[in-house]
file protein.tsv (TSV, N, CA and C atoms)
chain	number	residue	atom	x	y	z
A	189	MET	N	-65.21	-13.84	-103.04
A	189	MET	CA	-65.89	-14.61	-102.03
A	189	MET	C	-67.12	-13.83	-101.56
A	190	ALA	N	-68.25	-14.48	-101.56
A	190	ALA	CA	-69.50	-13.84	-101.15
A	190	ALA	C	-69.57	-13.75	-99.63
A	191	VAL	N	-70.05	-12.63	-99.16
A	191	VAL	CA	-70.23	-12.42	-97.73
A	191	VAL	C	-71.65	-12.85	-97.37
A	192	PRO	N	-71.82	-13.73	-96.39
A	192	PRO	CA	-73.18	-14.16	-96.02
A	192	PRO	C	-73.98	-13.00	-95.45
A	193	ARG	N	-75.25	-12.97	-95.78
A	193	ARG	CA	-76.14	-11.93	-95.25
A	193	ARG	C	-76.62	-12.34	-93.87
A	194	VAL	N	-76.60	-11.41	-92.99
A	194	VAL	CA	-77.05	-11.64	-91.62
A	194	VAL	C	-78.24	-10.74	-91.37
A	195	ARG	N	-79.31	-11.31	-90.90
A	195	ARG	CA	-80.50	-10.54	-90.60
A	195	ARG	C	-80.49	-10.15	-89.13
A	196	LEU	N	-80.50	-8.88	-88.87
A	196	LEU	CA	-80.49	-8.37	-87.50
A	196	LEU	C	-81.85	-7.77	-87.18
A	197	ALA	N	-82.25	-7.93	-85.96
A	197	ALA	CA	-83.51	-7.35	-85.51
A	197	ALA	C	-83.27	-6.70	-84.16
A	198	HIS	N	-83.95	-5.61	-83.91
A	198	HIS	CA	-83.81	-4.90	-82.64
A	198	HIS	C	-84.99	-5.24	-81.75
A	199	PHE	N	-84.72	-5.88	-80.63
A	199	PHE	CA	-85.78	-6.30	-79.72
A	199	PHE	C	-85.57	-5.73	-78.33
A	200	TYR	N	-85.00	-4.53	-78.23
A	200	TYR	CA	-84.69	-3.98	-76.93
A	200	TYR	C	-83.90	-5.03	-76.16
A	201	ALA	N	-84.37	-5.40	-74.98
A	201	ALA	CA	-83.67	-6.42	-74.21
A	201	ALA	C	-84.49	-7.71	-74.16
A	202	MET	N	-85.45	-7.86	-75.05
A	202	MET	CA	-86.32	-9.02	-75.03
A	202	MET	C	-85.58	-10.25	-75.57
A	203	HIS	N	-85.58	-11.31	-74.78
A	203	HIS	CA	-85.04	-12.59	-75.21
A	203	HIS	C	-86.20	-13.38	-75.81
A	204	ILE	N	-85.96	-14.01	-76.94
A	204	ILE	CA	-87.03	-14.71	-77.64
A	204	ILE	C	-86.66	-16.17	-77.83
A	205	SER	N	-87.60	-17.05	-77.53
A	205	SER	CA	-87.41	-18.46	-77.85
A	205	SER	C	-88.64	-18.92	-78.64
A	206	ILE	N	-88.39	-19.74	-79.64
A	206	ILE	CA	-89.46	-20.21	-80.51
A	206	ILE	C	-89.40	-21.72	-80.58
A	207	LEU	N	-90.52	-22.38	-80.35
A	207	LEU	CA	-90.61	-23.83	-80.45
A	207	LEU	C	-91.68	-24.16	-81.47
A	208	LEU	N	-91.30	-24.92	-82.49
A	208	LEU	CA	-92.22	-25.27	-83.57
A	208	LEU	C	-92.28	-26.79	-83.73
A	209	PRO	N	-92.84	-27.50	-82.76
A	209	PRO	CA	-92.86	-28.95	-82.88
A	209	PRO	C	-93.81	-29.39	-84.00
A	210	GLU	N	-93.34	-30.32	-84.80
A	210	GLU	CA	-94.17	-30.94	-85.83
A	210	GLU	C	-94.73	-29.98	-86.88
A	211	THR	N	-94.10	-28.83	-87.09
A	211	THR	CA	-94.60	-27.91	-88.10
A	211	THR	C	-93.92	-28.12	-89.44
A	212	HIS	N	-92.70	-28.60	-89.46
A	212	HIS	CA	-91.95	-28.92	-90.68
A	212	HIS	C	-91.79	-27.73	-91.63
A	213	SER	N	-91.92	-26.53	-91.14
A	213	SER	CA	-91.80	-25.38	-92.05
A	213	SER	C	-91.34	-24.14	-91.32
A	214	PHE	N	-90.19	-24.23	-90.67
A	214	PHE	CA	-89.71	-23.09	-89.89
A	214	PHE	C	-89.59	-21.83	-90.73
A	215	ARG	N	-89.05	-21.95	-91.92
A	215	ARG	CA	-88.84	-20.75	-92.75
A	215	ARG	C	-90.16	-20.07	-93.08
A	216	ASP	N	-91.20	-20.84	-93.33
A	216	ASP	CA	-92.51	-20.26	-93.63
A	216	ASP	C	-93.07	-19.48	-92.44
A	217	LEU	N	-92.81	-19.97	-91.25
A	217	LEU	CA	-93.39	-19.35	-90.05
A	217	LEU	C	-92.51	-18.28	-89.44
A	218	GLU	N	-91.23	-18.31	-89.76
A	218	GLU	CA	-90.25	-17.41	-89.16
A	218	GLU	C	-90.65	-15.94	-89.30
A	219	GLN	N	-91.02	-15.51	-90.49
A	219	GLN	CA	-91.38	-14.10	-90.70
A	219	GLN	C	-92.58	-13.70	-89.86
A	220	SER	N	-93.57	-14.57	-89.78
A	220	SER	CA	-94.76	-14.27	-88.98
A	220	SER	C	-94.43	-14.12	-87.51
A	221	VAL	N	-93.57	-15.00	-87.00
A	221	VAL	CA	-93.21	-14.94	-85.59
A	221	VAL	C	-92.38	-13.70	-85.29
A	222	PHE	N	-91.42	-13.37	-86.16
A	222	PHE	CA	-90.62	-12.17	-85.93
A	222	PHE	C	-91.45	-10.91	-86.04
A	223	ALA	N	-92.41	-10.87	-86.95
A	223	ALA	CA	-93.31	-9.71	-87.04
A	223	ALA	C	-94.13	-9.59	-85.75
A	224	PHE	N	-94.57	-10.72	-85.22
A	224	PHE	CA	-95.32	-10.73	-83.96
A	224	PHE	C	-94.48	-10.21	-82.80
A	225	THR	N	-93.23	-10.69	-82.68
A	225	THR	CA	-92.39	-10.23	-81.57
A	225	THR	C	-92.00	-8.76	-81.74
A	226	ASN	N	-91.82	-8.31	-82.98
A	226	ASN	CA	-91.58	-6.87	-83.21
A	226	ASN	C	-92.79	-6.05	-82.78
A	227	ARG	N	-93.96	-6.54	-83.11
A	227	ARG	CA	-95.20	-5.85	-82.72
A	227	ARG	C	-95.32	-5.78	-81.19
A	228	LEU	N	-95.01	-6.89	-80.52
A	228	LEU	CA	-95.04	-6.91	-79.05
A	228	LEU	C	-94.05	-5.92	-78.46
A	229	SER	N	-92.81	-5.93	-78.98
A	229	SER	CA	-91.80	-5.03	-78.42
A	229	SER	C	-92.13	-3.57	-78.71
A	230	GLY	N	-92.84	-3.31	-79.81
A	230	GLY	CA	-93.30	-1.95	-80.09
A	230	GLY	C	-94.41	-1.52	-79.15
A	231	TYR	N	-95.18	-2.48	-78.69
A	231	TYR	CA	-96.28	-2.20	-77.76
A	231	TYR	C	-95.76	-1.99	-76.35
A	232	CYS	N	-94.79	-2.83	-75.95
A	232	CYS	CA	-94.26	-2.75	-74.59
A	232	CYS	C	-92.77	-3.08	-74.59
A	233	GLY	N	-91.95	-2.09	-74.38
A	233	GLY	CA	-90.51	-2.28	-74.34
A	233	GLY	C	-90.01	-2.87	-73.04
A	234	SER	N	-90.91	-3.14	-72.10
A	234	SER	CA	-90.50	-3.71	-70.81
A	234	SER	C	-90.54	-5.22	-70.79
A	235	ILE	N	-90.92	-5.85	-71.89
A	235	ILE	CA	-90.96	-7.31	-71.94
A	235	ILE	C	-89.53	-7.83	-71.88
A	236	GLU	N	-89.26	-8.66	-70.89
A	236	GLU	CA	-87.92	-9.21	-70.71
A	236	GLU	C	-87.69	-10.43	-71.59
A	237	SER	N	-88.71	-11.27	-71.72
A	237	SER	CA	-88.57	-12.47	-72.54
A	237	SER	C	-89.91	-12.86	-73.13
A	238	CYS	N	-89.82	-13.58	-74.24
A	238	CYS	CA	-91.02	-14.03	-74.93
A	238	CYS	C	-90.76	-15.42	-75.48
A	239	GLY	N	-91.51	-16.38	-75.00
A	239	GLY	CA	-91.43	-17.74	-75.52
A	239	GLY	C	-92.67	-18.00	-76.36
A	240	VAL	N	-92.47	-18.49	-77.57
A	240	VAL	CA	-93.59	-18.76	-78.47
A	240	VAL	C	-93.54	-20.23	-78.87
A	241	VAL	N	-94.67	-20.92	-78.66
A	241	VAL	CA	-94.81	-22.31	-79.09
A	241	VAL	C	-95.92	-22.35	-80.12
A	242	ILE	N	-95.60	-22.93	-81.29
A	242	ILE	CA	-96.58	-23.02	-82.37
A	242	ILE	C	-96.79	-24.48	-82.71
A	243	GLU	N	-98.04	-24.90	-82.68
A	243	GLU	CA	-98.39	-26.26	-83.05
A	243	GLU	C	-99.35	-26.19	-84.23
A	244	SER	N	-99.13	-27.03	-85.21
A	244	SER	CA	-100.02	-27.04	-86.37
A	244	SER	C	-100.83	-28.32	-86.39
A	245	SER	N	-102.00	-28.21	-87.00
A	245	SER	CA	-102.86	-29.37	-87.19
A	245	SER	C	-103.75	-29.07	-88.38
A	246	THR	N	-104.64	-29.95	-88.65
A	246	THR	CA	-105.59	-29.73	-89.73
A	246	THR	C	-106.98	-29.77	-89.14
A	247	ALA	N	-107.76	-28.73	-89.40
A	247	ALA	CA	-109.14	-28.72	-88.94
A	247	ALA	C	-109.88	-29.80	-89.73
A	248	SER	N	-110.52	-30.72	-89.03
A	248	SER	CA	-111.04	-31.92	-89.65
A	248	SER	C	-112.15	-31.70	-90.68
A	249	GLU	N	-113.00	-30.73	-90.46
A	249	GLU	CA	-114.15	-30.56	-91.34
A	249	GLU	C	-113.78	-30.36	-92.80
A	250	ARG	N	-113.00	-29.35	-93.08
A	250	ARG	CA	-112.67	-29.02	-94.47
A	250	ARG	C	-111.18	-29.10	-94.76
A	251	GLN	N	-110.46	-29.82	-93.95
A	251	GLN	CA	-109.01	-29.94	-94.11
A	251	GLN	C	-108.33	-28.58	-94.15
A	252	GLN	N	-108.80	-27.67	-93.33
A	252	GLN	CA	-108.18	-26.35	-93.25
A	252	GLN	C	-106.92	-26.41	-92.40
A	253	ALA	N	-106.00	-25.51	-92.68
A	253	ALA	CA	-104.81	-25.37	-91.85
A	253	ALA	C	-105.24	-24.79	-90.51
A	254	ALA	N	-104.65	-25.28	-89.44
A	254	ALA	CA	-104.99	-24.79	-88.11
A	254	ALA	C	-103.71	-24.66	-87.28
A	255	PHE	N	-103.66	-23.60	-86.47
A	255	PHE	CA	-102.52	-23.37	-85.61
A	255	PHE	C	-102.98	-23.04	-84.20
A	256	THR	N	-102.21	-23.50	-83.24
A	256	THR	CA	-102.35	-23.09	-81.85
A	256	THR	C	-101.05	-22.39	-81.50
A	257	VAL	N	-101.16	-21.17	-81.01
A	257	VAL	CA	-99.99	-20.38	-80.64
A	257	VAL	C	-100.08	-20.07	-79.15
A	258	LYS	N	-99.03	-20.38	-78.43
A	258	LYS	CA	-98.96	-20.08	-77.00
A	258	LYS	C	-97.76	-19.17	-76.79
A	259	ALA	N	-97.99	-18.06	-76.12
A	259	ALA	CA	-96.90	-17.13	-75.83
A	259	ALA	C	-96.80	-16.94	-74.32
A	260	ALA	N	-95.58	-17.01	-73.82
A	260	ALA	CA	-95.30	-16.75	-72.41
A	260	ALA	C	-94.37	-15.55	-72.34
A	261	LEU	N	-94.87	-14.47	-71.76
A	261	LEU	CA	-94.12	-13.21	-71.68
A	261	LEU	C	-93.73	-12.95	-70.23
A	262	LYS	N	-92.54	-12.47	-70.04
A	262	LYS	CA	-92.11	-12.07	-68.70
A	262	LYS	C	-91.91	-10.57	-68.71
A	263	VAL	N	-92.60	-9.89	-67.82
A	263	VAL	CA	-92.51	-8.44	-67.73
A	263	VAL	C	-92.66	-8.03	-66.26
A	264	PHE	N	-91.74	-7.20	-65.79
A	264	PHE	CA	-91.73	-6.74	-64.40
A	264	PHE	C	-91.85	-7.90	-63.41
A	265	GLY	N	-91.19	-9.01	-63.71
A	265	GLY	CA	-91.20	-10.16	-62.81
A	265	GLY	C	-92.46	-10.99	-62.87
A	266	GLU	N	-93.43	-10.59	-63.66
A	266	GLU	CA	-94.67	-11.35	-63.81
A	266	GLU	C	-94.64	-12.13	-65.11
A	267	THR	N	-95.32	-13.26	-65.14
A	267	THR	CA	-95.41	-14.06	-66.35
A	267	THR	C	-96.83	-14.00	-66.88
A	268	VAL	N	-96.95	-13.67	-68.15
A	268	VAL	CA	-98.23	-13.61	-68.84
A	268	VAL	C	-98.24	-14.74	-69.86
A	269	VAL	N	-99.21	-15.63	-69.77
A	269	VAL	CA	-99.33	-16.74	-70.71
A	269	VAL	C	-100.67	-16.63	-71.42
A	270	VAL	N	-100.62	-16.60	-72.74
A	270	VAL	CA	-101.84	-16.50	-73.54
A	270	VAL	C	-101.78	-17.51	-74.68
A	271	THR	N	-102.95	-17.98	-75.09
A	271	THR	CA	-103.04	-18.98	-76.15
A	271	THR	C	-104.10	-18.56	-77.16
A	272	GLY	N	-103.76	-18.72	-78.43
A	272	GLY	CA	-104.70	-18.43	-79.50
A	272	GLY	C	-104.78	-19.59	-80.48
A	273	LYS	N	-105.96	-19.81	-81.03
A	273	LYS	CA	-106.16	-20.88	-82.01
A	273	LYS	C	-106.90	-20.30	-83.19
A	274	ALA	N	-106.56	-20.78	-84.39
A	274	ALA	CA	-107.27	-20.32	-85.58
A	274	ALA	C	-107.09	-21.34	-86.70
A	275	SER	N	-108.08	-21.35	-87.59
A	275	SER	CA	-107.97	-22.19	-88.78
A	275	SER	C	-108.42	-21.36	-89.99
A	276	ALA	N	-107.93	-21.74	-91.15
A	276	ALA	CA	-108.27	-21.05	-92.39
A	276	ALA	C	-107.86	-21.93	-93.56
A	277	GLU	N	-108.32	-21.55	-94.74
A	277	GLU	CA	-107.97	-22.29	-95.95
A	277	GLU	C	-106.46	-22.26	-96.18
A	278	ARG	N	-105.85	-21.10	-96.00
A	278	ARG	CA	-104.41	-20.94	-96.24
A	278	ARG	C	-103.66	-20.92	-94.91
A	279	ARG	N	-102.48	-21.57	-94.91
A	279	ARG	CA	-101.65	-21.61	-93.69
A	279	ARG	C	-101.33	-20.21	-93.19
A	280	GLU	N	-100.98	-19.31	-94.11
A	280	GLU	CA	-100.60	-17.95	-93.72
A	280	GLU	C	-101.74	-17.24	-93.00
A	281	ASP	N	-102.96	-17.44	-93.48
A	281	ASP	CA	-104.12	-16.79	-92.86
A	281	ASP	C	-104.39	-17.36	-91.47
A	282	ALA	N	-104.26	-18.68	-91.33
A	282	ALA	CA	-104.48	-19.31	-90.03
A	282	ALA	C	-103.46	-18.81	-89.02
A	283	MET	N	-102.19	-18.73	-89.44
A	283	MET	CA	-101.13	-18.26	-88.55
A	283	MET	C	-101.37	-16.81	-88.16
A	284	ALA	N	-101.72	-15.97	-89.12
A	284	ALA	CA	-101.97	-14.54	-88.84
A	284	ALA	C	-103.11	-14.38	-87.85
A	285	LYS	N	-104.18	-15.13	-88.02
A	285	LYS	CA	-105.33	-15.04	-87.11
A	285	LYS	C	-104.95	-15.47	-85.70
A	286	ALA	N	-104.20	-16.56	-85.59
A	286	ALA	CA	-103.79	-17.05	-84.26
A	286	ALA	C	-102.87	-16.05	-83.57
A	287	LEU	N	-101.92	-15.48	-84.32
A	287	LEU	CA	-101.00	-14.48	-83.74
A	287	LEU	C	-101.74	-13.20	-83.36
A	288	ASP	N	-102.71	-12.78	-84.15
A	288	ASP	CA	-103.52	-11.60	-83.80
A	288	ASP	C	-104.31	-11.84	-82.52
A	289	ASP	N	-104.85	-13.05	-82.37
A	289	ASP	CA	-105.59	-13.40	-81.16
A	289	ASP	C	-104.67	-13.33	-79.94
A	290	VAL	N	-103.48	-13.89	-80.06
A	290	VAL	CA	-102.51	-13.87	-78.96
A	290	VAL	C	-102.09	-12.44	-78.65
A	291	PHE	N	-101.85	-11.63	-79.68
A	291	PHE	CA	-101.45	-10.24	-79.44
A	291	PHE	C	-102.55	-9.48	-78.71
A	292	GLY	N	-103.79	-9.67	-79.11
A	292	GLY	CA	-104.90	-8.98	-78.44
A	292	GLY	C	-104.99	-9.33	-76.97
A	293	GLN	N	-104.89	-10.63	-76.67
A	293	GLN	CA	-104.93	-11.06	-75.27
A	293	GLN	C	-103.73	-10.51	-74.49
A	294	ALA	N	-102.55	-10.61	-75.09
A	294	ALA	CA	-101.33	-10.16	-74.41
A	294	ALA	C	-101.36	-8.66	-74.17
A	295	SER	N	-101.81	-7.88	-75.15
A	295	SER	CA	-101.81	-6.42	-74.98
A	295	SER	C	-102.74	-5.99	-73.84
A	296	ARG	N	-103.87	-6.66	-73.70
A	296	ARG	CA	-104.77	-6.32	-72.58
A	296	ARG	C	-104.10	-6.63	-71.24
A	297	ARG	N	-103.45	-7.77	-71.16
A	297	ARG	CA	-102.77	-8.15	-69.91
A	297	ARG	C	-101.58	-7.24	-69.63
A	298	LEU	N	-100.81	-6.91	-70.68
A	298	LEU	CA	-99.65	-6.03	-70.51
A	298	LEU	C	-100.06	-4.63	-70.08
A	299	GLU	N	-101.15	-4.14	-70.63
A	299	GLU	CA	-101.61	-2.81	-70.24
A	299	GLU	C	-101.98	-2.78	-68.76
A	300	ALA	N	-102.65	-3.83	-68.29
A	300	ALA	CA	-103.01	-3.89	-66.87
A	300	ALA	C	-101.77	-3.91	-65.98
A	301	ILE	N	-100.76	-4.69	-66.38
A	301	ILE	CA	-99.52	-4.74	-65.61
A	301	ILE	C	-98.80	-3.39	-65.71
A	302	GLY	N	-98.76	-2.81	-66.90
A	302	GLY	CA	-98.09	-1.52	-67.11
A	302	GLY	C	-98.70	-0.40	-66.28
A	303	ASN	N	-100.02	-0.45	-66.07
A	303	ASN	CA	-100.68	0.58	-65.27
A	303	ASN	C	-100.17	0.58	-63.83
A	304	ALA	N	-99.71	-0.56	-63.38
A	304	ALA	CA	-99.18	-0.66	-62.02
A	304	ALA	C	-97.75	-0.15	-61.90
A	305	HIS	N	-97.11	0.12	-63.04
A	305	HIS	CA	-95.72	0.57	-63.05
A	305	HIS	C	-95.66	1.96	-63.66
A	306	VAL	N	-95.38	2.95	-62.83
A	306	VAL	CA	-95.36	4.34	-63.26
A	306	VAL	C	-94.37	4.53	-64.41
A	307	GLY	N	-94.83	5.18	-65.47
A	307	GLY	CA	-93.97	5.50	-66.59
A	307	GLY	C	-93.83	4.41	-67.64
A	308	CYS	N	-94.49	3.28	-67.44
A	308	CYS	CA	-94.36	2.19	-68.41
A	308	CYS	C	-94.99	2.59	-69.74
A	309	GLY	N	-96.23	2.94	-69.73
A	309	GLY	CA	-96.89	3.42	-70.95
A	309	GLY	C	-97.23	2.37	-71.98
A	310	CYS	N	-97.40	1.13	-71.60
A	310	CYS	CA	-97.76	0.08	-72.56
A	310	CYS	C	-98.97	0.48	-73.38
A	311	GLY	N	-98.81	0.41	-74.70
A	311	GLY	CA	-99.91	0.66	-75.59
A	311	GLY	C	-100.23	2.13	-75.81
A	312	ARG	N	-99.52	3.00	-75.15
A	312	ARG	CA	-99.75	4.44	-75.32
A	312	ARG	C	-98.57	5.03	-76.07
A	313	ASP	N	-98.64	6.30	-76.37
A	313	ASP	CA	-97.58	6.93	-77.15
A	313	ASP	C	-96.26	7.08	-76.40
A	314	SER	N	-96.32	7.07	-75.08
A	314	SER	CA	-95.08	7.24	-74.31
A	314	SER	C	-94.21	5.99	-74.41
A	315	ALA	N	-92.93	6.19	-74.27
A	315	ALA	CA	-92.00	5.06	-74.35
A	315	ALA	C	-92.18	4.18	-73.14
A	316	CYS	N	-92.08	2.91	-73.35
A	316	CYS	CA	-92.23	1.93	-72.29
A	316	CYS	C	-90.85	1.38	-71.96
A	317	GLY	N	-90.63	1.06	-70.72
A	317	GLY	CA	-89.37	0.40	-70.38
A	317	GLY	C	-88.41	1.27	-69.65

call {"tool": "encode", "arguments": {"input": "protein.tsv", "output": "structure tokens"}}
result
Amino acid sequence: MAVPRVRLAHFYAMHISILLPETHSFRDLEQSVFAFTNRLSGYCGSIESCGVVIESSTASERQQAAFTVKAALKVFGETVVVTGKASAERREDAMAKALDDVFGQASRRLEAIGNAHVGCGCGRDSACG
């Protein structure tokens, strides 16, 4: 009898929720979203929760794949909401660009919040959390 494989990920204490309305391809996007949340938790271990909403569409001009990614992060009782949009010829490239945009916005906001909390160290070499 084969034992099913279980994929485990370490996210400190971060709770993650993912909403993919109308994308029809959860498996394709799953790796990108988990890489994004791993990157976030590596940047700031004080994130309590992360909600990610991904909406797909087609950029009308050249029928490019387009994504809008919205992330809501809760850290130290504050909520950080950021949104990124991107389009590209390939779905994977559009998703990567949108997630990079969201990460850049989130990291700037997290660093500002982290500076107010002694010992947090968001984005620096010291451990956060």

call {"tool": "residues_around", "arguments": {"input": "protein.tsv", "residues": "Ile206 of chain A", "least_positions_apart": "3", "cutoff": "6.5 Å", "atoms": "all atoms listed in the file", "output": "NGL selection string"}}
result
:A and (238-242)

call {"tool": "residues_around", "arguments": {"input": "protein.tsv", "residues": "segment 269-286 of chain A", "least_positions_apart": "2", "cutoff": "6.5 Å", "atoms": "all atoms listed in the file", "output": "number ranges by chain"}}
result
A: 252-261, 267, 288-291, 293-294

call {"tool": "closest_residue", "arguments": {"input": "protein.tsv", "among": "A:Leu208, A:Cys310, A:Ile235, A:Leu287", "to": "Ser220 of chain A", "atoms": "only N, CA and C atoms"}}
result
A:Leu287

call {"tool": "atom_distance", "arguments": {"input": "protein.tsv", "atom1": "atom C of Asp216 of chain A", "atom2": "atom CA of Ile204 of chain A"}}
result
16.7 Å

call {"tool": "residues_around", "arguments": {"input": "protein.tsv", "residues": "Leu298 of chain A", "least_positions_apart": "3", "cutoff": "8 Å", "atoms": "only N, CA and C atoms", "output": "ChimeraX atom specification"}}
result
/A:232,268,292-295,301-304,309-311

call {"tool": "write_last_selection", "arguments": {"input": "protein.tsv", "atoms": "N, CA and C atoms", "output": "JSON list (two decimals), in the frame of the given file"}}
result
[["chain", "number", "residue", "atom", "x", "y", "z"],
["A", 232, "CYS", "N", -94.79, -2.83, -75.95],
["A", 232, "CYS", "CA", -94.26, -2.75, -74.59],
["A", 232, "CYS", "C", -92.77, -3.08, -74.59],
["A", 268, "VAL", "N", -96.95, -13.67, -68.15],
["A", 268, "VAL", "CA", -98.23, -13.61, -68.84],
["A", 268, "VAL", "C", -98.24, -14.74, -69.86],
["A", 292, "GLY", "N", -103.79, -9.67, -79.11],
["A", 292, "GLY", "CA", -104.90, -8.98, -78.44],
["A", 292, "GLY", "C", -104.99, -9.33, -76.97],
["A", 293, "GLN", "N", -104.89, -10.63, -76.67],
["A", 293, "GLN", "CA", -104.93, -11.06, -75.27],
["A", 293, "GLN", "C", -103.73, -10.51, -74.49],
["A", 294, "ALA", "N", -102.55, -10.61, -75.09],
["A", 294, "ALA", "CA", -101.33, -10.16, -74.41],
["A", 294, "ALA", "C", -101.36, -8.66, -74.17],
["A", 295, "SER", "N", -101.81, -7.88, -75.15],
["A", 295, "SER", "CA", -101.81, -6.42, -74.98],
["A", 295, "SER", "C", -102.74, -5.99, -73.84],
["A", 301, "ILE", "N", -100.76, -4.69, -66.38],
["A", 301, "ILE", "CA", -99.52, -4.74, -65.61],
["A", 301, "ILE", "C", -98.80, -3.39, -65.71],
["A", 302, "GLY", "N", -98.76, -2.81, -66.90],
["A", 302, "GLY", "CA", -98.09, -1.52, -67.11],
["A", 302, "GLY", "C", -98.70, -0.40, -66.28],
["A", 303, "ASN", "N", -100.02, -0.45, -66.07],
["A", 303, "ASN", "CA", -100.68, 0.58, -65.27],
["A", 303, "ASN", "C", -100.17, 0.58, -63.83],
["A", 304, "ALA", "N", -99.71, -0.56, -63.38],
["A", 304, "ALA", "CA", -99.18, -0.66, -62.02],
["A", 304, "ALA", "C", -97.75, -0.15, -61.90],
["A", 309, "GLY", "N", -96.23, 2.94, -69.73],
["A", 309, "GLY", "CA", -96.89, 3.42, -70.95],
["A", 309, "GLY", "C", -97.23, 2.37, -71.98],
["A", 310, "CYS", "N", -97.40, 1.13, -71.60],
["A", 310, "CYS", "CA", -97.76, 0.08, -72.56],
["A", 310, "CYS", "C", -98.97, 0.48, -73.38],
["A", 311, "GLY", "N", -98.81, 0.41, -74.70],
["A", 311, "GLY", "CA", -99.91, 0.66, -75.59],
["A", 311, "GLY", "C", -100.23, 2.13, -75.81]]

call {"tool": "atom_distance", "arguments": {"input": "protein.tsv", "atom1": "atom C of Ser244 of chain A", "atom2": "atom CA of Thr225 of chain A"}}
result
20.5 Å

call {"tool": "atom_distance", "arguments": {"input": "protein.tsv", "atom1": "atom CA of Ser237 of chain A", "atom2": "atom CA of Glu266 of chain A"}}
result
10.7 Å

call {"tool": "closest_residue", "arguments": {"input": "protein.tsv", "among": "A:Gly265, A:Arg215, A:Ala223, A:Leu207", "to": "Glu236 of chain A", "atoms": "only N, CA and C atoms"}}
result
A:Gly265

call {"tool": "closest_residue", "arguments": {"input": "protein.tsv", "among": "A:Val221, A:Leu228, A:Gln251, A:Met202", "to": "Arg296 of chain A", "atoms": "only C-alpha atoms"}}
result
A:Leu228
